[in-house]
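**Q** Dumping the structure here so I can ask a few things about it.
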Amino acid sequence: MTELSSRYDPKTVEAKWLSIWKDGNVFHAVPSDKKPFTIVIPPPNVTGILHMGHALNNTLQDILVRYKRMRGFEALWMPGTDHAGIATQNVVEKQLAKEGKTRYDIGREAMLGRLWAWKNEYGGTILKQLEKLGSSCDWPRTRFTMDDAYSEAVKEVFIRLYEKDLIYRGNRIINWCPRCQTALSDEEAEHKDKNGKLYHIKYPFKNDSSKQLIVATTRPETMLGDTAVAINPTDERYKGYAGQTLVLPLIKREIKIIADEFVSLEFGTGAVKVTPAHDPNDFAMGERHGLETINIMRPDGVLNEQAGVFKDLDRFAARKAVIAALDEQGFLVKIEDHTHAVGHCYRCDTVVEPYLSKQWFVRMMPLAKPAADAVRNGQIKFHPERWEKVYLNWMDNIRDWCISRQIWWGHRIPVWYDDQSNAYVARTEAEAQQKAKGQRGKDVSLRQDEDVLDTWFSSWLWPFATLGWPAKNQDLEFFYPTNALFTASEIIFFWVARMIMAGYEFMGKAPFQDVYIHGTVRDAKGRKMSKSLGNALDPLEIIDEYGADALRFSLIINSGQDIFISKEKFEIGRNFANKIWNASRLIFMNVSPEAFKDYQNFEFDQLNLPSRWILSQLYSTISRTAEAIEKYRYSEAESLVQEFFWGSFCDWYLEIIKNQWKDVLVQKVALHVLSNSLKILHPFMPFITEEIYKNLQEGSVNLSNSSWPEYKKEYVSEDDQKTMQSMIDLISSIRNTRAQWNIKPNETVECVLSVADVRLLNAIQKDFENFQVLGKIRSVQFEAGLSKVNDAASGVVGEIRYFIPLSGIVDIQKEKRRMSDQFTQLEKTANAIAGRLQNSEFVKKAPPEVIAKDQERLQIIQKEMSELTSVISSLS
RNA sequence: GGGCGGUUAGCUCAGCUGGUAGAGCAGCUGACUUACAUUCAGCAGGCCGUUGGUUCGAUCCCAGCACCGCCCACCA
């Protein structure tokens, strides 16, 4: 029939289908009369290279999108990339560094030219890699956060928020990365526990230098910028100190002692140096007490002229120098070990500096409220649910968002300043000119804000900006809101939360209903996969070696919470693909054109038990798999399909029918099961299923746009499943003889055992030989054939059945003990229930269904007890 | 410091309405059998972290404890 090779070769097959899908544009979705189903891809960074996290994330999305497409939805999966401001700029700056230049050397315009050139050349890499995974994105729709239209959306949002007074500019302590030389948001500063030191330093009093106040600090170099020392007003130790003057060592500046509730009595010495320009708490105290702010540091982390003799020292060198100087002059009291959390830049891992500067902020409280409510009232659901708490906890403690970045790659802030530093927020410079003229009454020259917006300030618009917002159009109308979002927990705050806020603020609707949070892919030892650790498995290499289907399948079936993966894990998927392939070969080798013509139609009543059984299994698998997918239980869905296809279809059905191939009905059933199995396998393993399905020649339809099998209730029979199951158990028991069968002396058994599986025959025969020696079997006939297997269900082998379960146990005494334990347990339960039922008060008060349940349970227990009794007595 | 999760076979994990536990892998036995050795048949291996509570009955529900992991956080 078909010439399928004995081993599945993913490479050629995958390449072939990728181009068929692409040429046919089969994943293109347009507004139609179907129901919409939309997912937007979490846009990978343009600098991204496919890693296992992407592979997992996108496989999950692909499974759902393909499934929904098969279920008749107009399913759109919107692809695209994120410009990744700092990350991309870092990459290009590294290139420049090789030429011995910095971005300042070549200037803003030339730098942007190089950035775009880099983006145009390498920015598509990650998407091509995602495509190789089999991702069924609507590729022609691919968006980029710095597309012209998208940039308009960003600008629009800035202006709208500004007009609502939700954006403001302020002088605040922010997280500053001295390497990237930009501000970071609170989320972009990663806190890590560091083993540091706590330095105790003497600050002498002005009027009596023999008296000192000892302060404790972890960042002694910032003392150069101290403008006060704070104590707690209730601190008995320092009663009357407030208001006195100290002389700052080294600098000799006079500073006051202030009293502030913020100061903890327990920590350190109870006296805190106050450096308003270099610490957020100190800044707040400074505001409360009207303190001066002294900035001692340049943007690159080197101390400035305010630092006196320490000028031009890097902050860490300065720390050492300050300590040395303090020690030398007798101000250093002691140094203690101290662990504390230190912020690090999430892009370059440099220690972040709390730094006073003028930045743009978004007022988050008003935006957070509807977004938090949406989750509270169930309009948006997290899967697994527990992430809702994490989300809400952040939302309820939300702080303003620093959105300006001192880099060049990104959306430039749409604000212009005149010579008096008045700010004009406008869509274009011309508009700003007009506004300025209106306000100043004359033309003034303007300069645009140098800064760009945080990358996330564009990403948070992704679900609707990709569909064309702020323009009104059919796409937006039809595909928004999206249905599900798939992401890792790391970016719940960065992205998910903000998207929800933006969705409500700008669209008046939630951007999606379901948020699926998947685990992190880790190596076998549980470490995060990373290039620097050298433990990363490259998905492309895995695809190359095992195939994309194998990668997808293995990844998903392993996904519980976090996913621990090693190379061997991908054998699961590869082996399964091979199994599917070979089962298909077997079927294709044995079916006739007649069966091929219409294998979807057959008389169900004429089928034998194994056929009815496999159909029953098939259809219950179909519905259970669908249910699992809908509930976002992907690994369960895969297990169900695999268990059915391999464990039931291949291991039992195909073995049983080996000698029945001449029966057209059997051929039809085999083809029918294969065809439908391919359909339910398709979302998980798109390539191999397409390839095999093609051989079924059901019209010219690709599996990618065929439909999910309809559930046929009439094929699902519990009786058939039970009968067949007991047969399977029976045959299994017979197979499993040797040590297990414990035949009583003098007992003889005569039986005819039919074995369909030729392979099994030898194994079993051997066992039976042993069995004959061991027990007293007079004769056992072996017969490779099918008809008798069917008969077995109706009782021919039933005689064997009688003693297998009982004498098949090695340690009868142990089993007896178990059974009598069980009996006592049941007896106790029965008594308890019976007692309850005789209690007239209980019967009066308890709801009828409870009583009914009790009665039912009592009956079951009593039945079990009587069965147990007979079994126990037969054992002795 | 606050919050969240986990603890089940050697390993990775299921166990989604409470009825003394399942899978895959690894291990061990056995089968060269024309769909598949990327295979097939089988075996063994578990006081379901610990202490209490609720229940006739707890891996499951409740509380405490221990250990592991993650997230958040401005005690310098």
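In the structure tokens, each chain is lettered A, B, ... as it comes, each chain's residues begin at 1, and ligands are numbered from 1 in order of appearance.
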Select residues of chain A: the criterion is any atom within 6 Å of an atom of chain B, counting only C-alpha atoms (C1' of nucleotides); output as a count of residues only.

**A** 12

**Q** Between CA of Gln129 (chain A) and CA of Cys348 (chain A), measure the distance and give it in Å to one decimal.

**A**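 Atom-to-atom, CA of Gln129 (chain A) and CA of Cys348 (chain A) are spaced 24.9 Å apart.
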
**Q** Using only C-alpha atoms (C1' of nucleotides), which of the listed residues (A:Thr869, A:Ser135, A:Asn393, A:Thr428) sits closest to G2 (chain B)?

**A**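 Once distances to G2 (chain B) are computed over only C-alpha atoms (C1' of nucleotides), the minimum belongs to A:Asn393.
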
**Q** Grab the CA of Ile39 (chain A) to CA of Ile622 (chain A) distance for me, in Å with one decimal place.

**A**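 Taking CA of Ile39 (chain A) as the start and CA of Ile622 (chain A) as the end point, the length is 23.7 Å.
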
**Q** Enumerate the residues of region 301-449 of chain A with a DSSP assignment of strand (DSSP E), computed from the backbone, and present them as a PyMOL selection string.

**A** chain A and resi 332-345+353-362+381-383+401-402+404-405+415-417+423-425+447-448

**Q** From the list A:Ala75, A:Leu607, A:Val515, A:Met501, which residue is nearest Met365 (chain A) when using only C-alpha atoms?

**A**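 That would be A:Met501, the residue with the smallest distance to Met365 (chain A).
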
**Q** Mind giving me the straight-line distance from CA of Asp538 (chain A) to CA of Asp523 (chain A) in Å, one decimal?

**A** 11.9 Å

**Q** Give me the residues within 8 Å of Ile294 (chain A) as a ChimeraX atom specification, counting only C-alpha atoms (C1' of nucleotides) and dropping any in the same chain fewer than 6 places off.

**A** /A:225-227,275-277,306

**Q** Take the residues just selected and output them with all heavy atoms as a PDB file, in the first residue's frame.

**A**
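Listed below is the output, selection-v5.pdb:
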ATOM      1  N   GLY A 225      27.697  61.408  51.680  1.00  0.00           N
ATOM      2  CA  GLY A 225      26.510  62.196  51.327  1.00  0.00           C
ATOM      3  C   GLY A 225      25.523  62.346  52.471  1.00  0.00           C
ATOM      4  O   GLY A 225      24.386  62.749  52.264  1.00  0.00           O
ATOM      5  N   ASP A 226      25.947  61.983  53.684  1.00  0.00           N
ATOM      6  CA  ASP A 226      25.030  62.067  54.824  1.00  0.00           C
ATOM      7  C   ASP A 226      24.634  63.511  55.106  1.00  0.00           C
ATOM      8  O   ASP A 226      25.472  64.419  55.055  1.00  0.00           O
ATOM      9  CB  ASP A 226      25.704  61.509  56.089  1.00  0.00           C
ATOM     10  CG  ASP A 226      25.739  59.997  56.089  1.00  0.00           C
ATOM     11  OD1 ASP A 226      25.239  59.401  55.120  1.00  0.00           O
ATOM     12  OD2 ASP A 226      26.274  59.419  57.058  1.00  0.00           O
ATOM     13  N   THR A 227      23.347  63.676  55.433  1.00  0.00           N
ATOM     14  CA  THR A 227      22.938  65.022  55.850  1.00  0.00           C
ATOM     15  C   THR A 227      22.229  65.004  57.204  1.00  0.00           C
ATOM     16  O   THR A 227      21.694  66.005  57.640  1.00  0.00           O
ATOM     17  CB  THR A 227      22.027  65.672  54.783  1.00  0.00           C
ATOM     18  OG1 THR A 227      20.964  64.778  54.480  1.00  0.00           O
ATOM     19  CG2 THR A 227      22.801  65.978  53.520  1.00  0.00           C
ATOM     20  N   THR A 275      21.188  59.371  54.255  1.00  0.00           N
ATOM     21  CA  THR A 275      21.774  59.805  52.986  1.00  0.00           C
ATOM     22  C   THR A 275      20.652  59.944  51.969  1.00  0.00           C
ATOM     23  O   THR A 275      20.406  59.026  51.197  1.00  0.00           O
ATOM     24  CB  THR A 275      22.795  58.762  52.470  1.00  0.00           C
ATOM     25  OG1 THR A 275      23.484  58.196  53.586  1.00  0.00           O
ATOM     26  CG2 THR A 275      23.760  59.359  51.494  1.00  0.00           C
ATOM     27  N   PRO A 276      19.977  61.037  51.958  1.00  0.00           N
ATOM     28  CA  PRO A 276      18.753  61.139  51.151  1.00  0.00           C
ATOM     29  C   PRO A 276      18.964  60.878  49.656  1.00  0.00           C
ATOM     30  O   PRO A 276      18.036  60.428  48.988  1.00  0.00           O
ATOM     31  CB  PRO A 276      18.288  62.578  51.392  1.00  0.00           C
ATOM     32  CG  PRO A 276      18.918  62.978  52.681  1.00  0.00           C
ATOM     33  CD  PRO A 276      20.228  62.263  52.732  1.00  0.00           C
ATOM     34  N   ALA A 277      20.144  61.137  49.156  1.00  0.00           N
ATOM     35  CA  ALA A 277      20.337  60.973  47.719  1.00  0.00           C
ATOM     36  C   ALA A 277      20.674  59.537  47.334  1.00  0.00           C
ATOM     37  O   ALA A 277      20.739  59.211  46.149  1.00  0.00           O
ATOM     38  CB  ALA A 277      21.439  61.908  47.226  1.00  0.00           C
ATOM     39  N   GLN A 306      31.601  65.915  45.071  1.00  0.00           N
ATOM     40  CA  GLN A 306      31.029  65.978  46.412  1.00  0.00           C
ATOM     41  C   GLN A 306      31.748  65.017  47.370  1.00  0.00           C
ATOM     42  O   GLN A 306      31.596  65.117  48.584  1.00  0.00           O
ATOM     43  CB  GLN A 306      29.544  65.598  46.390  1.00  0.00           C
ATOM     44  CG  GLN A 306      28.658  66.576  45.646  1.00  0.00           C
ATOM     45  CD  GLN A 306      28.382  67.832  46.453  1.00  0.00           C
ATOM     46  OE1 GLN A 306      28.824  67.980  47.602  1.00  0.00           O
ATOM     47  NE2 GLN A 306      27.681  68.778  45.853  1.00  0.00           N
TER      48      GLN A 306
END

**Q** Go through A:Glu221, A:Asp719, A:Asp33, A:Asp23 one by one, measure the shortest atom-to-atom distance of each to Trp139 (chain A) using only C-alpha atoms, and give the residue with the smallest value.

**A**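 Comparing A:Glu221, A:Asp719, A:Asp33, A:Asp23 against Trp139 (chain A), the winner is A:Asp23.
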
**Q** Find the residue from A:Asn558, A:Ser675, A:Ser185, A:Gln329 that sits nearest to Ser584 (chain A); use only C-alpha atoms when measuring.

**A**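 The answer is A:Ser675, which sits nearest to Ser584 (chain A).
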
**Q** With DSSP run on the backbone, what are the helix (DSSP H, G or I) residues within region 371-498 of chain A? I'd like them as an MDAnalysis selection string.

**A** chainID A and resid 371:376 387:396 429:440 456:459 462:465 474:479 489:498

**Q** Write out the residues from the selection above, keeping C-alpha atoms, as a PDB file, in the first residue's frame.

**A**
ATOM      1  CA  ALA A 371      -7.240  44.512  37.346  1.00  0.00           C
ATOM      2  CA  ALA A 372      -7.245  43.056  40.827  1.00  0.00           C
ATOM      3  CA  ASP A 373     -11.027  42.898  40.910  1.00  0.00           C
ATOM      4  CA  ALA A 374     -11.065  40.969  37.649  1.00  0.00           C
ATOM      5  CA  VAL A 375      -9.151  38.160  39.270  1.00  0.00           C
ATOM      6  CA  ARG A 376     -11.075  38.368  42.507  1.00  0.00           C
ATOM      7  CA  TRP A 387      -0.811  32.119  41.314  1.00  0.00           C
ATOM      8  CA  GLU A 388      -3.821  34.310  41.891  1.00  0.00           C
ATOM      9  CA  LYS A 389      -2.589  34.967  45.383  1.00  0.00           C
ATOM     10  CA  VAL A 390       0.819  35.974  44.121  1.00  0.00           C
ATOM     11  CA  TYR A 391      -0.781  38.279  41.632  1.00  0.00           C
ATOM     12  CA  LEU A 392      -3.172  39.836  44.120  1.00  0.00           C
ATOM     13  CA  ASN A 393      -0.479  40.298  46.690  1.00  0.00           C
ATOM     14  CA  TRP A 394       1.523  42.347  44.228  1.00  0.00           C
ATOM     15  CA  MET A 395      -1.507  44.260  43.043  1.00  0.00           C
ATOM     16  CA  ASP A 396      -2.543  45.196  46.528  1.00  0.00           C
ATOM     17  CA  GLU A 429       7.061  67.808  17.490  1.00  0.00           C
ATOM     18  CA  ALA A 430       4.773  70.065  15.454  1.00  0.00           C
ATOM     19  CA  GLU A 431       1.994  69.485  17.917  1.00  0.00           C
ATOM     20  CA  ALA A 432       4.356  70.261  20.750  1.00  0.00           C
ATOM     21  CA  GLN A 433       5.415  73.478  19.000  1.00  0.00           C
ATOM     22  CA  GLN A 434       1.803  74.497  18.769  1.00  0.00           C
ATOM     23  CA  LYS A 435       1.196  73.820  22.413  1.00  0.00           C
ATOM     24  CA  ALA A 436       4.317  75.726  23.347  1.00  0.00           C
ATOM     25  CA  LYS A 437       3.279  78.649  21.242  1.00  0.00           C
ATOM     26  CA  GLY A 438      -0.107  78.646  22.868  1.00  0.00           C
ATOM     27  CA  GLN A 439       1.409  78.725  26.284  1.00  0.00           C
ATOM     28  CA  ARG A 440       4.355  81.019  25.736  1.00  0.00           C
ATOM     29  CA  TRP A 456       7.333  46.662  29.172  1.00  0.00           C
ATOM     30  CA  PHE A 457       5.547  49.930  28.525  1.00  0.00           C
ATOM     31  CA  SER A 458       5.028  48.606  25.014  1.00  0.00           C
ATOM     32  CA  SER A 459       4.624  44.913  25.871  1.00  0.00           C
ATOM     33  CA  TRP A 462       0.446  43.405  23.242  1.00  0.00           C
ATOM     34  CA  PRO A 463      -3.012  41.742  23.215  1.00  0.00           C
ATOM     35  CA  PHE A 464      -4.668  44.671  21.472  1.00  0.00           C
ATOM     36  CA  ALA A 465      -1.871  46.701  19.903  1.00  0.00           C
ATOM     37  CA  GLN A 474     -12.506  44.160  12.253  1.00  0.00           C
ATOM     38  CA  ASP A 475      -9.578  42.183  13.581  1.00  0.00           C
ATOM     39  CA  LEU A 476      -9.682  43.957  16.877  1.00  0.00           C
ATOM     40  CA  GLU A 477     -13.418  43.640  17.018  1.00  0.00           C
ATOM     41  CA  PHE A 478     -13.372  39.937  16.224  1.00  0.00           C
ATOM     42  CA  PHE A 479     -10.280  38.595  17.943  1.00  0.00           C
ATOM     43  CA  SER A 489       5.742  32.771  36.693  1.00  0.00           C
ATOM     44  CA  GLU A 490       8.736  35.093  36.409  1.00  0.00           C
ATOM     45  CA  ILE A 491       6.846  37.591  34.348  1.00  0.00           C
ATOM     46  CA  ILE A 492       3.547  37.726  36.140  1.00  0.00           C
ATOM     47  CA  PHE A 493       4.460  41.175  37.423  1.00  0.00           C
ATOM     48  CA  PHE A 494       6.461  42.410  34.494  1.00  0.00           C
ATOM     49  CA  TRP A 495       3.886  41.542  31.950  1.00  0.00           C
ATOM     50  CA  VAL A 496       0.741  39.663  32.902  1.00  0.00           C
ATOM     51  CA  ALA A 497      -0.406  42.055  35.594  1.00  0.00           C
ATOM     52  CA  ARG A 498       0.303  45.084  33.478  1.00  0.00           C
TER      53      ARG A 498
END

**Q** Within 7 Å of Val46 (chain A), counting only C-alpha atoms (C1' of nucleotides), which residues show up once you throw out same-chain ones fewer than 2 positions away? Write them as a PDB file with all heavy atoms, in the first residue's frame, please.

**A**
ATOM      1  N   PRO A  44       8.955  36.904  22.216  1.00  0.00           N
ATOM      2  CA  PRO A  44      10.338  36.704  22.659  1.00  0.00           C
ATOM      3  C   PRO A  44      11.167  37.931  22.304  1.00  0.00           C
ATOM      4  O   PRO A  44      10.824  38.667  21.377  1.00  0.00           O
ATOM      5  CB  PRO A  44      10.797  35.490  21.858  1.00  0.00           C
ATOM      6  CG  PRO A  44       9.878  35.405  20.693  1.00  0.00           C
ATOM      7  CD  PRO A  44       8.593  36.019  21.109  1.00  0.00           C
ATOM      8  N   GLY A  48      16.606  36.998  21.383  1.00  0.00           N
ATOM      9  CA  GLY A  48      16.430  35.665  21.924  1.00  0.00           C
ATOM     10  C   GLY A  48      16.953  34.552  21.030  1.00  0.00           C
ATOM     11  O   GLY A  48      16.979  34.665  19.816  1.00  0.00           O
ATOM     12  N   THR A  81       7.717  39.738  18.066  1.00  0.00           N
ATOM     13  CA  THR A  81       8.883  39.862  18.941  1.00  0.00           C
ATOM     14  C   THR A  81       8.869  41.197  19.679  1.00  0.00           C
ATOM     15  O   THR A  81       8.154  42.122  19.310  1.00  0.00           O
ATOM     16  CB  THR A  81      10.208  39.776  18.145  1.00  0.00           C
ATOM     17  OG1 THR A  81      10.118  40.672  17.042  1.00  0.00           O
ATOM     18  CG2 THR A  81      10.477  38.384  17.666  1.00  0.00           C
ATOM     19  N   ASP A  82       9.664  41.237  20.698  1.00  0.00           N
ATOM     20  CA  ASP A  82       9.756  42.383  21.582  1.00  0.00           C
ATOM     21  C   ASP A  82      11.116  43.047  21.348  1.00  0.00           C
ATOM     22  O   ASP A  82      12.121  42.351  21.215  1.00  0.00           O
ATOM     23  CB  ASP A  82       9.661  41.860  23.017  1.00  0.00           C
ATOM     24  CG  ASP A  82       9.540  42.967  24.025  1.00  0.00           C
ATOM     25  OD1 ASP A  82      10.472  43.785  24.128  1.00  0.00           O
ATOM     26  OD2 ASP A  82       8.518  42.985  24.730  1.00  0.00           O
ATOM     27  N   HIS A  83      11.144  44.366  21.330  1.00  0.00           N
ATOM     28  CA  HIS A  83      12.416  45.024  20.990  1.00  0.00           C
ATOM     29  C   HIS A  83      13.446  44.925  22.106  1.00  0.00           C
ATOM     30  O   HIS A  83      14.630  45.139  21.880  1.00  0.00           O
ATOM     31  CB  HIS A  83      12.184  46.480  20.605  1.00  0.00           C
ATOM     32  CG  HIS A  83      11.709  47.340  21.711  1.00  0.00           C
ATOM     33  ND1 HIS A  83      10.392  47.416  22.092  1.00  0.00           N
ATOM     34  CD2 HIS A  83      12.375  48.177  22.556  1.00  0.00           C
ATOM     35  CE1 HIS A  83      10.269  48.258  23.107  1.00  0.00           C
ATOM     36  NE2 HIS A  83      11.458  48.736  23.416  1.00  0.00           N
ATOM     37  N   ALA A  84      13.001  44.594  23.318  1.00  0.00           N
ATOM     38  CA  ALA A  84      13.934  44.309  24.419  1.00  0.00           C
ATOM     39  C   ALA A  84      15.008  45.374  24.576  1.00  0.00           C
ATOM     40  O   ALA A  84      16.185  45.125  24.344  1.00  0.00           O
ATOM     41  CB  ALA A  84      14.584  42.943  24.213  1.00  0.00           C
ATOM     42  N   LYS A 119      18.678  44.378  14.220  1.00  0.00           N
ATOM     43  CA  LYS A 119      17.340  43.787  14.335  1.00  0.00           C
ATOM     44  C   LYS A 119      16.915  43.159  13.005  1.00  0.00           C
ATOM     45  O   LYS A 119      16.396  42.038  12.970  1.00  0.00           O
ATOM     46  CB  LYS A 119      16.334  44.864  14.748  1.00  0.00           C
ATOM     47  CG  LYS A 119      14.947  44.342  15.072  1.00  0.00           C
ATOM     48  CD  LYS A 119      14.009  44.462  13.896  1.00  0.00           C
ATOM     49  CE  LYS A 119      12.743  43.639  14.136  1.00  0.00           C
ATOM     50  NZ  LYS A 119      11.890  43.618  12.953  1.00  0.00           N
ATOM     51  N   GLY A 123      16.948  39.675  14.120  1.00  0.00           N
ATOM     52  CA  GLY A 123      15.738  39.720  14.940  1.00  0.00           C
ATOM     53  C   GLY A 123      14.725  38.634  14.639  1.00  0.00           C
ATOM     54  O   GLY A 123      13.862  38.340  15.461  1.00  0.00           O
ATOM     55  N   GLY A 124      14.822  38.041  13.443  1.00  0.00           N
ATOM     56  CA  GLY A 124      13.822  37.028  13.089  1.00  0.00           C
ATOM     57  C   GLY A 124      14.226  35.621  13.469  1.00  0.00           C
ATOM     58  O   GLY A 124      13.439  34.678  13.341  1.00  0.00           O
TER      59      GLY A 124
END

**Q** Skip Lys16 (chain A) itself and residues of its chain fewer than 3 positions away, then list as JSON, numbers by chain all residues within 12 Å of it, counting only C-alpha atoms (C1' of nucleotides).

**A** {"A": [9, 10, 11, 12, 13, 19, 20, 21, 22, 23, 132, 134, 687, 688, 690, 691]}

**Q** Output all heavy atoms for every residue in that selection, as a short mmCIF file (atom, residue, chain, number, x, y, z; two decimals), in the first residue's frame.

**A**
data_model
loop_
_atom_site.label_atom_id
_atom_site.label_comp_id
_atom_site.auth_asym_id
_atom_site.auth_seq_id
_atom_site.Cartn_x
_atom_site.Cartn_y
_atom_site.Cartn_z
N ASP A 9 11.61 8.86 10.21
CA ASP A 9 12.68 9.83 10.00
C ASP A 9 12.12 11.23 10.07
O ASP A 9 11.53 11.73 9.11
CB ASP A 9 13.33 9.58 8.64
CG ASP A 9 14.24 10.73 8.24
OD1 ASP A 9 14.88 11.31 9.14
OD2 ASP A 9 14.29 11.06 7.04
N PRO A 10 12.26 11.86 11.22
CA PRO A 10 11.60 13.16 11.41
C PRO A 10 12.11 14.26 10.47
O PRO A 10 11.34 15.09 10.05
CB PRO A 10 11.92 13.53 12.86
CG PRO A 10 12.72 12.42 13.43
CD PRO A 10 13.03 11.44 12.37
N LYS A 11 13.37 14.22 10.16
CA LYS A 11 13.96 15.37 9.46
C LYS A 11 13.25 15.72 8.16
O LYS A 11 12.80 16.85 7.96
CB LYS A 11 15.43 15.11 9.18
CG LYS A 11 16.30 15.84 10.17
CD LYS A 11 17.74 15.72 9.82
CE LYS A 11 18.50 15.53 11.12
NZ LYS A 11 19.84 15.03 10.96
N THR A 12 13.16 14.73 7.27
CA THR A 12 12.56 15.04 5.99
C THR A 12 11.08 15.34 6.14
O THR A 12 10.55 16.24 5.49
CB THR A 12 12.75 13.86 5.00
OG1 THR A 12 12.39 12.67 5.69
CG2 THR A 12 14.17 13.78 4.54
N VAL A 13 10.43 14.58 7.00
CA VAL A 13 9.00 14.78 7.19
C VAL A 13 8.71 16.18 7.72
O VAL A 13 7.82 16.88 7.24
CB VAL A 13 8.44 13.71 8.16
CG1 VAL A 13 7.02 14.04 8.56
CG2 VAL A 13 8.51 12.34 7.51
N SER A 19 6.94 23.31 4.99
CA SER A 19 6.74 24.09 3.78
C SER A 19 5.31 23.96 3.26
O SER A 19 4.75 24.92 2.73
CB SER A 19 7.79 23.74 2.72
OG SER A 19 7.49 22.49 2.17
N ILE A 20 4.70 22.81 3.46
CA ILE A 20 3.29 22.69 3.05
C ILE A 20 2.42 23.66 3.84
O ILE A 20 1.59 24.38 3.29
CB ILE A 20 2.77 21.25 3.25
CG1 ILE A 20 3.46 20.30 2.27
CG2 ILE A 20 1.25 21.19 3.05
CD1 ILE A 20 3.06 18.85 2.43
N TRP A 21 2.64 23.70 5.14
CA TRP A 21 1.85 24.61 5.98
C TRP A 21 2.06 26.06 5.56
O TRP A 21 1.13 26.84 5.48
CB TRP A 21 2.23 24.45 7.45
CG TRP A 21 1.83 23.13 8.04
CD1 TRP A 21 0.83 22.32 7.60
CD2 TRP A 21 2.42 22.48 9.16
NE1 TRP A 21 0.76 21.20 8.39
CE2 TRP A 21 1.73 21.27 9.37
CE3 TRP A 21 3.47 22.79 10.02
CZ2 TRP A 21 2.04 20.37 10.38
CZ3 TRP A 21 3.79 21.91 11.04
CH2 TRP A 21 3.08 20.70 11.22
N LYS A 22 3.32 26.36 5.32
CA LYS A 22 3.65 27.73 4.97
C LYS A 22 3.04 28.10 3.63
O LYS A 22 2.37 29.13 3.49
CB LYS A 22 5.16 27.89 4.92
CG LYS A 22 5.59 29.32 4.79
CD LYS A 22 7.09 29.45 5.04
CE LYS A 22 7.39 30.83 5.61
NZ LYS A 22 8.68 30.85 6.30
N ASP A 23 3.25 27.24 2.63
CA ASP A 23 2.74 27.54 1.29
C ASP A 23 1.22 27.65 1.29
O ASP A 23 0.65 28.47 0.58
CB ASP A 23 3.18 26.47 0.29
CG ASP A 23 4.70 26.45 0.13
OD1 ASP A 23 5.34 27.43 0.57
OD2 ASP A 23 5.24 25.46 -0.40
N LYS A 132 10.11 26.00 13.55
CA LYS A 132 10.62 24.62 13.45
C LYS A 132 10.01 23.68 14.47
O LYS A 132 9.96 22.47 14.27
CB LYS A 132 12.15 24.61 13.62
CG LYS A 132 12.89 25.05 12.40
CD LYS A 132 14.35 24.70 12.51
CE LYS A 132 14.65 23.31 11.93
NZ LYS A 132 16.09 23.03 11.88
N GLY A 134 7.03 23.61 15.08
CA GLY A 134 5.70 23.27 14.61
C GLY A 134 4.66 24.27 15.05
O GLY A 134 3.46 24.02 14.92
N PHE A 687 3.67 16.81 13.20
CA PHE A 687 4.34 16.40 11.96
C PHE A 687 4.05 14.96 11.59
O PHE A 687 3.59 14.66 10.49
CB PHE A 687 5.86 16.60 12.08
CG PHE A 687 6.27 18.02 12.23
CD1 PHE A 687 6.61 18.52 13.48
CD2 PHE A 687 6.32 18.87 11.14
CE1 PHE A 687 7.00 19.85 13.63
CE2 PHE A 687 6.71 20.20 11.27
CZ PHE A 687 7.05 20.69 12.52
N ILE A 688 4.33 14.07 12.51
CA ILE A 688 4.19 12.65 12.18
C ILE A 688 2.73 12.31 11.88
O ILE A 688 2.43 11.51 11.00
CB ILE A 688 4.74 11.75 13.31
CG1 ILE A 688 4.80 10.30 12.83
CG2 ILE A 688 3.95 11.89 14.59
CD1 ILE A 688 5.45 9.36 13.81
N GLU A 690 0.47 14.29 10.54
CA GLU A 690 0.17 14.74 9.18
C GLU A 690 0.70 13.74 8.16
O GLU A 690 0.01 13.37 7.22
CB GLU A 690 0.85 16.09 8.90
CG GLU A 690 0.16 17.30 9.52
CD GLU A 690 -0.97 17.85 8.65
OE1 GLU A 690 -1.57 17.10 7.88
OE2 GLU A 690 -1.26 19.05 8.79
N GLU A 691 1.90 13.31 8.37
CA GLU A 691 2.56 12.43 7.40
C GLU A 691 1.80 11.11 7.25
O GLU A 691 1.61 10.62 6.14
CB GLU A 691 4.01 12.18 7.84
CG GLU A 691 4.80 11.30 6.90
CD GLU A 691 5.06 11.93 5.54
OE1 GLU A 691 4.82 13.15 5.39
OE2 GLU A 691 5.47 11.20 4.62
#

**Q** With only C-alpha atoms as the basis for distance, which of A:Cys177, A:Val673, A:Ile629, A:Ile86 is at the shortest distance from Trp409 (chain A)?

**A**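 Of A:Cys177, A:Val673, A:Ile629, A:Ile86, the one nearest Trp409 (chain A), counting only C-alpha atoms, is A:Ile86.
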